[in-house]
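Colleague: Hey, dropping my_file_27.pdb in here, PDB, C-alpha atoms, pLDDT in the B column:
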```pdb
ATOM      1  CA  MET Z   1       0.000   0.000   0.000  1.00 64.00           C
ATOM      2  CA  PRO Z   2       1.551   3.321  -1.055  1.00 79.00           C
ATOM      3  CA  THR Z   3       2.184   5.998   1.540  1.00 87.00           C
ATOM      4  CA  ARG Z   4       2.862   9.675   1.046  1.00 91.00           C
ATOM      5  CA  ILE Z   5       5.399  11.248   3.382  1.00 91.00           C
ATOM      6  CA  ALA Z   6       5.849  14.984   3.792  1.00 92.00           C
ATOM      7  CA  VAL Z   7       9.449  16.182   3.884  1.00 94.00           C
ATOM      8  CA  ARG Z   8      10.962  19.412   5.129  1.00 94.00           C
ATOM      9  CA  PRO Z   9      12.100  21.338   2.042  1.00 94.00           C
ATOM     10  CA  PRO Z  10      14.489  21.705   0.481  1.00 94.00           C
ATOM     11  CA  PHE Z  11      14.827  17.997  -0.195  1.00 96.00           C
ATOM     12  CA  ARG Z  12      16.365  16.094  -3.106  1.00 96.00           C
ATOM     13  CA  LEU Z  13      16.048  12.345  -3.088  1.00 97.00           C
ATOM     14  CA  ASP Z  14      18.728  11.984  -5.761  1.00 96.00           C
ATOM     15  CA  LEU Z  15      21.397  13.776  -3.720  1.00 95.00           C
ATOM     16  CA  THR Z  16      20.372  12.211  -0.407  1.00 95.00           C
ATOM     17  CA  ALA Z  17      20.299   8.666  -1.841  1.00 95.00           C
ATOM     18  CA  ASN Z  18      23.739   9.138  -3.385  1.00 93.00           C
ATOM     19  CA  VAL Z  19      25.160  10.292  -0.038  1.00 93.00           C
ATOM     20  CA  LEU Z  20      23.626   7.230   1.609  1.00 91.00           C
ATOM     21  CA  ARG Z  21      25.058   4.924  -1.065  1.00 91.00           C
ATOM     22  CA  ARG Z  22      28.599   6.381  -0.801  1.00 89.00           C
ATOM     23  CA  LEU Z  23      29.970   4.144  -3.575  1.00 92.00           C
ATOM     24  CA  SER Z  24      28.556   2.579  -6.731  1.00 90.00           C
ATOM     25  CA  THR Z  25      29.551  -0.829  -5.325  1.00 91.00           C
ATOM     26  CA  ASN Z  26      26.940  -0.527  -2.535  1.00 94.00           C
ATOM     27  CA  VAL Z  27      24.676  -3.605  -2.821  1.00 94.00           C
ATOM     28  CA  VAL Z  28      22.188  -2.605  -0.104  1.00 95.00           C
ATOM     29  CA  ASP Z  29      21.035   0.857  -1.204  1.00 95.00           C
ATOM     30  CA  ARG Z  30      20.035   1.281  -4.857  1.00 95.00           C
ATOM     31  CA  PHE Z  31      19.054   4.428  -6.717  1.00 96.00           C
ATOM     32  CA  ASP Z  32      18.293   4.445 -10.438  1.00 95.00           C
ATOM     33  CA  GLY Z  33      17.893   8.209 -10.788  1.00 95.00           C
ATOM     34  CA  VAL Z  34      14.197   8.122  -9.874  1.00 97.00           C
ATOM     35  CA  THR Z  35      13.553   5.383  -7.313  1.00 97.00           C
ATOM     36  CA  TYR Z  36      15.496   4.535  -4.156  1.00 97.00           C
ATOM     37  CA  ARG Z  37      15.231   0.819  -3.310  1.00 96.00           C
ATOM     38  CA  ARG Z  38      16.322  -1.169  -0.303  1.00 95.00           C
ATOM     39  CA  LEU Z  39      15.501  -4.426   1.448  1.00 94.00           C
ATOM     40  CA  ILE Z  40      14.662  -3.521   5.009  1.00 91.00           C
ATOM     41  CA  GLY Z  41      13.307  -5.065   8.174  1.00 86.00           C
ATOM     42  CA  GLU Z  42      14.125  -8.505   9.519  1.00 85.00           C
ATOM     43  CA  PRO Z  43      17.409  -9.739   7.942  1.00 85.00           C
ATOM     44  CA  HIS Z  44      15.896 -13.152   7.061  1.00 86.00           C
ATOM     45  CA  ASP Z  45      12.482 -11.795   6.057  1.00 88.00           C
ATOM     46  CA  PRO Z  46      12.967  -8.270   4.688  1.00 91.00           C
ATOM     47  CA  VAL Z  47      10.506  -6.255   2.643  1.00 91.00           C
ATOM     48  CA  LEU Z  48      11.310  -4.201  -0.435  1.00 93.00           C
ATOM     49  CA  LEU Z  49      11.132  -0.466   0.174  1.00 94.00           C
ATOM     50  CA  ARG Z  50      10.692   1.855  -2.835  1.00 96.00           C
ATOM     51  CA  VAL Z  51      10.839   5.633  -2.455  1.00 97.00           C
ATOM     52  CA  MET Z  52      10.196   8.226  -5.170  1.00 97.00           C
ATOM     53  CA  GLN Z  53      10.051  11.995  -4.867  1.00 97.00           C
ATOM     54  CA  THR Z  54       6.704  13.293  -6.116  1.00 95.00           C
ATOM     55  CA  GLY Z  55       7.200  16.957  -5.314  1.00 93.00           C
ATOM     56  CA  PRO Z  56       9.546  19.347  -3.538  1.00 91.00           C
ATOM     57  CA  ALA Z  57       8.100  18.361  -0.163  1.00 92.00           C
ATOM     58  CA  GLU Z  58       6.639  14.896  -0.700  1.00 95.00           C
ATOM     59  CA  LEU Z  59       7.788  11.311  -1.104  1.00 96.00           C
ATOM     60  CA  HIS Z  60       5.826   8.357  -2.430  1.00 96.00           C
ATOM     61  CA  VAL Z  61       6.701   5.182  -0.493  1.00 95.00           C
ATOM     62  CA  GLU Z  62       5.805   1.631  -1.470  1.00 94.00           C
ATOM     63  CA  ILE Z  63       6.451  -1.484   0.588  1.00 91.00           C
ATOM     64  CA  ALA Z  64       6.362  -4.896  -1.094  1.00 88.00           C
ATOM     65  CA  GLY Z  65       5.519  -7.352   1.663  1.00 82.00           C
ATOM     66  CA  ARG Z  66       4.228  -7.068   5.205  1.00 82.00           C
ATOM     67  CA  PRO Z  67       6.497  -4.808   7.222  1.00 80.00           C
ATOM     68  CA  ARG Z  68       6.836  -5.152  10.967  1.00 81.00           C
ATOM     69  CA  PHE Z  69       7.705  -1.478  11.256  1.00 82.00           C
ATOM     70  CA  ASP Z  70       6.218   1.947  10.616  1.00 85.00           C
ATOM     71  CA  ALA Z  71       7.337   2.768   7.065  1.00 83.00           C
ATOM     72  CA  ALA Z  72       6.952   6.520   7.552  1.00 85.00           C
ATOM     73  CA  LEU Z  73       9.226   6.508  10.613  1.00 88.00           C
ATOM     74  CA  VAL Z  74      11.871   4.327   8.958  1.00 89.00           C
ATOM     75  CA  VAL Z  75      11.931   6.446   5.782  1.00 90.00           C
ATOM     76  CA  ALA Z  76      12.074   9.674   7.809  1.00 91.00           C
ATOM     77  CA  ARG Z  77      15.079   8.384   9.743  1.00 91.00           C
ATOM     78  CA  LEU Z  78      16.797   6.721   6.790  1.00 93.00           C
ATOM     79  CA  LEU Z  79      16.495   9.744   4.496  1.00 95.00           C
ATOM     80  CA  GLY Z  80      16.647  12.518   7.129  1.00 94.00           C
ATOM     81  CA  THR Z  81      13.414  14.036   5.824  1.00 93.00           C
ATOM     82  CA  SER Z  82      12.670  16.154   8.888  1.00 91.00           C
ATOM     83  CA  ALA Z  83      16.143  17.677   9.313  1.00 93.00           C
ATOM     84  CA  ASP Z  84      16.103  21.485   9.328  1.00 94.00           C
ATOM     85  CA  LEU Z  85      19.305  22.576   7.619  1.00 94.00           C
ATOM     86  CA  GLU Z  86      18.407  26.258   7.236  1.00 94.00           C
ATOM     87  CA  PRO Z  87      20.631  27.365  10.164  1.00 95.00           C
ATOM     88  CA  PHE Z  88      23.558  25.634   8.462  1.00 94.00           C
ATOM     89  CA  ALA Z  89      22.676  27.176   5.071  1.00 94.00           C
ATOM     90  CA  ARG Z  90      22.584  30.673   6.601  1.00 94.00           C
ATOM     91  CA  ALA Z  91      25.924  30.162   8.354  1.00 96.00           C
ATOM     92  CA  ALA Z  92      27.539  28.629   5.251  1.00 96.00           C
ATOM     93  CA  ALA Z  93      26.404  31.570   3.104  1.00 95.00           C
ATOM     94  CA  GLY Z  94      28.744  33.785   5.141  1.00 95.00           C
ATOM     95  CA  VAL Z  95      31.849  31.668   4.499  1.00 96.00           C
ATOM     96  CA  PRO Z  96      33.274  32.441   1.044  1.00 96.00           C
ATOM     97  CA  TRP Z  97      34.758  29.015   0.287  1.00 97.00           C
ATOM     98  CA  LEU Z  98      31.806  27.080   1.804  1.00 96.00           C
ATOM     99  CA  ALA Z  99      28.928  29.074   0.266  1.00 96.00           C
ATOM    100  CA  PRO Z 100      29.157  27.569  -3.260  1.00 96.00           C
ATOM    101  CA  LEU Z 101      29.543  24.039  -1.879  1.00 95.00           C
ATOM    102  CA  ALA Z 102      26.522  24.416   0.401  1.00 94.00           C
ATOM    103  CA  ALA Z 103      24.453  25.924  -2.425  1.00 94.00           C
ATOM    104  CA  GLY Z 104      25.337  23.004  -4.712  1.00 93.00           C
ATOM    105  CA  ALA Z 105      24.337  20.502  -2.046  1.00 93.00           C
ATOM    106  CA  ARG Z 106      21.044  22.236  -1.193  1.00 93.00           C
ATOM    107  CA  GLY Z 107      18.420  19.548  -0.730  1.00 94.00           C
ATOM    108  CA  VAL Z 108      20.768  16.899   0.667  1.00 94.00           C
ATOM    109  CA  LYS Z 109      19.530  15.670   4.015  1.00 93.00           C
ATOM    110  CA  PRO Z 110      21.692  13.779   6.506  1.00 90.00           C
ATOM    111  CA  PRO Z 111      20.763  10.135   5.893  1.00 87.00           C
ATOM    112  CA  ARG Z 112      21.061   7.643   8.716  1.00 91.00           C
ATOM    113  CA  TYR Z 113      21.287   3.896   8.967  1.00 91.00           C
ATOM    114  CA  PRO Z 114      18.009   2.193   9.832  1.00 89.00           C
ATOM    115  CA  THR Z 115      19.463   0.239  12.776  1.00 90.00           C
ATOM    116  CA  ILE Z 116      22.142   0.710  15.405  1.00 92.00           C
ATOM    117  CA  TRP Z 117      23.664  -2.590  14.248  1.00 94.00           C
ATOM    118  CA  GLU Z 118      24.155  -1.335  10.690  1.00 93.00           C
ATOM    119  CA  ALA Z 119      25.518   2.005  11.924  1.00 92.00           C
ATOM    120  CA  CYS Z 120      28.080   0.225  14.143  1.00 94.00           C
ATOM    121  CA  CYS Z 121      29.172  -2.130  11.346  1.00 93.00           C
ATOM    122  CA  ASN Z 122      29.723   0.787   8.982  1.00 91.00           C
ATOM    123  CA  ALA Z 123      31.485   2.885  11.620  1.00 91.00           C
ATOM    124  CA  ILE Z 124      33.890   0.089  12.466  1.00 92.00           C
ATOM    125  CA  VAL Z 125      34.737  -0.910   8.908  1.00 90.00           C
ATOM    126  CA  TYR Z 126      35.119   2.627   7.541  1.00 89.00           C
ATOM    127  CA  GLN Z 127      37.242   4.044  10.384  1.00 90.00           C
ATOM    128  CA  GLN Z 128      40.655   2.545   9.642  1.00 80.00           C
ATOM    129  CA  VAL Z 129      40.853   1.925   5.901  1.00 87.00           C
ATOM    130  CA  SER Z 130      40.111   3.803   2.707  1.00 91.00           C
ATOM    131  CA  ILE Z 131      36.488   4.247   1.673  1.00 92.00           C
ATOM    132  CA  HIS Z 132      37.034   1.879  -1.274  1.00 94.00           C
ATOM    133  CA  ALA Z 133      38.614  -0.848   0.866  1.00 93.00           C
ATOM    134  CA  ALA Z 134      35.848  -0.523   3.478  1.00 92.00           C
ATOM    135  CA  GLY Z 135      33.187  -0.617   0.770  1.00 93.00           C
ATOM    136  CA  ALA Z 136      34.733  -3.802  -0.661  1.00 94.00           C
ATOM    137  CA  ILE Z 137      34.880  -5.474   2.768  1.00 92.00           C
ATOM    138  CA  LEU Z 138      31.252  -4.643   3.505  1.00 93.00           C
ATOM    139  CA  ARG Z 139      30.079  -5.604   0.009  1.00 94.00           C
ATOM    140  CA  ARG Z 140      31.751  -9.033   0.202  1.00 94.00           C
ATOM    141  CA  THR Z 141      30.312  -9.654   3.678  1.00 94.00           C
ATOM    142  CA  ILE Z 142      26.831  -8.554   2.642  1.00 95.00           C
ATOM    143  CA  GLU Z 143      26.914 -10.608  -0.568  1.00 95.00           C
ATOM    144  CA  ARG Z 144      28.013 -13.695   1.397  1.00 94.00           C
ATOM    145  CA  TYR Z 145      25.644 -13.387   4.370  1.00 94.00           C
ATOM    146  CA  GLY Z 146      22.794 -11.098   3.291  1.00 94.00           C
ATOM    147  CA  LEU Z 147      19.539 -12.269   1.774  1.00 93.00           C
ATOM    148  CA  ALA Z 148      19.515 -11.450  -1.962  1.00 94.00           C
ATOM    149  CA  MET Z 149      16.627 -10.494  -4.210  1.00 92.00           C
ATOM    150  CA  PRO Z 150      16.772 -10.101  -8.008  1.00 92.00           C
ATOM    151  CA  LEU Z 151      16.141  -6.511  -9.110  1.00 87.00           C
ATOM    152  CA  GLY Z 152      16.182  -6.377 -12.883  1.00 87.00           C
ATOM    153  CA  ALA Z 153      19.687  -7.258 -14.058  1.00 89.00           C
ATOM    154  CA  GLU Z 154      21.062  -6.628 -10.545  1.00 89.00           C
ATOM    155  CA  ARG Z 155      20.634  -8.154  -7.101  1.00 92.00           C
ATOM    156  CA  LEU Z 156      19.552  -6.221  -4.025  1.00 94.00           C
ATOM    157  CA  TYR Z 157      20.822  -7.435  -0.649  1.00 95.00           C
ATOM    158  CA  ALA Z 158      19.431  -7.098   2.856  1.00 95.00           C
ATOM    159  CA  PHE Z 159      21.988  -6.022   5.452  1.00 95.00           C
ATOM    160  CA  PRO Z 160      22.832  -9.111   7.570  1.00 95.00           C
ATOM    161  CA  GLY Z 161      21.607  -9.051  11.154  1.00 93.00           C
ATOM    162  CA  PRO Z 162      23.599  -9.125  14.392  1.00 93.00           C
ATOM    163  CA  GLN Z 163      23.221 -12.913  14.708  1.00 92.00           C
ATOM    164  CA  THR Z 164      25.176 -13.374  11.454  1.00 91.00           C
ATOM    165  CA  PRO Z 165      28.719 -13.126  12.885  1.00 89.00           C
ATOM    166  CA  VAL Z 166      27.692 -15.290  15.845  1.00 92.00           C
ATOM    167  CA  ASP Z 167      26.471 -18.081  13.562  1.00 92.00           C
ATOM    168  CA  ALA Z 168      29.195 -17.747  10.907  1.00 91.00           C
ATOM    169  CA  ASP Z 169      32.182 -20.052  10.691  1.00 90.00           C
ATOM    170  CA  PRO Z 170      35.037 -17.941  12.158  1.00 89.00           C
ATOM    171  CA  GLU Z 171      37.477 -19.121   9.465  1.00 90.00           C
ATOM    172  CA  GLU Z 172      35.062 -18.226   6.680  1.00 87.00           C
ATOM    173  CA  LEU Z 173      34.180 -14.881   8.276  1.00 82.00           C
TER
END
```
Would you mind writing the structure in this file as structure tokens?
Modeller:
Amino acid sequence: MPTRIAVRPPFRLDLTANVLRRLSTNVVDRFDGVTYRRLIGEPHDPVLLRVMQTGPAELHVEIAGRPRFDAALVVARLLGTSADLEPFARAAAGVPWLAPLAAGARGVKPPRYPTIWEACCNAIVYQQVSIHAAGAILRRTIERYGLAMPLGAERLYAFPGPQTPVDADPEEL
């Protein structure tokens, strides 16, 4: 069942989704230029989330499956839709080198991970190595342990849950 979610303008799904993705090798978050897609919810029984921007202050959200969560709350957190960045924009406008960067990024919201588990995994992996090395480590782990779903010519993966490293063979992990 589709849901409409109001967002605090300015908001640009394209910019926000690309910040969330970080790298093109990301196999969890997908954005095709119009629709953001992600498997979300229980790691072994996720649902497909689809988000499209239908106006400057509105998102159209579709969930394929029966979620065990409030889609509006998850999307708001994941895409930072309620963040008020106007104080930052005003302050940045007064800094000569920052003003053009902030203007070019207008509409980007601070995306967040949907769970503390996923935030911790990303924080740990990305803190000591290059972004490309960290992305490769996470991608290989997700592809090995995450539930996969075909999405056109690609595959979309659910982020593995916290039980995954407990159950995994230590040598394989």
Colleague: Apply the PyMOL selection byres ((chain Z and resi 112) around 7) to the structure shown and report the selected residues as a list in words.
Modeller: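 Against this file, the PyMOL selection byres ((chain Z and resi 112) around 7) returns the residues Arg77, Leu78, Leu79, Gly80, Pro110, Pro111, Tyr113 and Pro114 of chain Z.
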Colleague: Going by the chain IDs and residue numbers used in this file, which residues fall under the PyMOL selection byres ((chain Z and resi 104) around 12)? Write them as a ChimeraX atom specification.
Modeller: /Z:12,15,89,92-93,98-103,105-108
Colleague: Save the residues we just selected, C-alpha atoms, as a JSON list (two decimals), in the coordinates of the input?
Modeller:
```
[["chain", "number", "residue", "atom", "x", "y", "z"],
["Z", 12, "ARG", "CA", 16.36, 16.09, -3.11],
["Z", 15, "LEU", "CA", 21.40, 13.78, -3.72],
["Z", 89, "ALA", "CA", 22.68, 27.18, 5.07],
["Z", 92, "ALA", "CA", 27.54, 28.63, 5.25],
["Z", 93, "ALA", "CA", 26.40, 31.57, 3.10],
["Z", 98, "LEU", "CA", 31.81, 27.08, 1.80],
["Z", 99, "ALA", "CA", 28.93, 29.07, 0.27],
["Z", 100, "PRO", "CA", 29.16, 27.57, -3.26],
["Z", 101, "LEU", "CA", 29.54, 24.04, -1.88],
["Z", 102, "ALA", "CA", 26.52, 24.42, 0.40],
["Z", 103, "ALA", "CA", 24.45, 25.92, -2.42],
["Z", 105, "ALA", "CA", 24.34, 20.50, -2.05],
["Z", 106, "ARG", "CA", 21.04, 22.24, -1.19],
["Z", 107, "GLY", "CA", 18.42, 19.55, -0.73],
["Z", 108, "VAL", "CA", 20.77, 16.90, 0.67]]
```
Colleague: Residue by residue, what does the PyMOL selection byres ((chain Z and resi 159-168) around 8) grab here? Present the result as a PyMOL selection string.
Modeller: chain Z and resi 28+39-40+42-43+117-118+142+145-147+157-158+169-170+172-173
Colleague: Which residue out of Z:Pro2, Z:Arg8, Z:Val27, Z:Ala123 has the minimum interatomic distance to Arg144 of chain Z when all atoms listed in the file are used?
Modeller: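 Distance minimum relative to Arg144 of chain Z lands on Z:Val27.
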Colleague: Of the candidates Z:Tyr36, Z:Ser82, Z:Arg50, Z:Asp70, which one gets nearest to Pro10 of chain Z if we count all atoms listed in the file?
Modeller: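 The shortest atom-to-atom distance to Pro10 of chain Z comes from Z:Ser82.
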Colleague: Neighbours of segment 52-66 of chain Z within 6 Å (only C-alpha atoms; same-chain residues fewer than 4 positions away dropped), as JSON, numbers by chain?
Modeller: {"Z": [2, 3, 4, 5, 6, 7, 9, 35, 47, 48]}
Colleague: Name the residues within 12 Å of (33.8, -2.0, 0.1), counting all atoms listed in the file in the file's coordinates, and put them as a list in words.
Modeller: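 In the file's frame, the residues around the point are Arg21, Arg22, Leu23, Ser24, Thr25, Asn26, Val27, Val28, Asn122, Val125, Tyr126, Val129, Ser130, Ile131, His132, Ala133, Ala134, Gly135, Ala136, Ile137, Leu138, Arg139, Arg140, Thr141, Ile142 and Glu143 of chain Z.
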Colleague: Please compute the atom CA of Asp14 of chain Z-atom CA of Val34 of chain Z distance, one decimal, in Å.
Modeller: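 Here the two named atoms are 7.2 Å from each other.
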Colleague: What's the separation between atom CA of Glu171 of chain Z and atom CA of Gln128 of chain Z, in Å to one decimal place?
Modeller: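 Distance between the two atoms: 21.9 Å.
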Colleague: I'd like the interatomic distance between atom CA of Leu85 of chain Z and atom CA of Cys121 of chain Z, to a tenth of an Å.
Modeller: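 Going from atom CA of Leu85 of chain Z over to atom CA of Cys121 of chain Z, I get 26.9 Å.
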Colleague: Provide an axis-aligned box for all listed atoms of segment 49-64 of chain Z, padding each side by 3 Å; report its centre and its edge lengths in Å to one decimal, as AutoDock Vina command-line options.
Modeller:
```
--center_x 8.5 --center_y 7.2 --center_z -2.8 --size_x 11.3 --size_y 30.2 --size_z 12.7
```
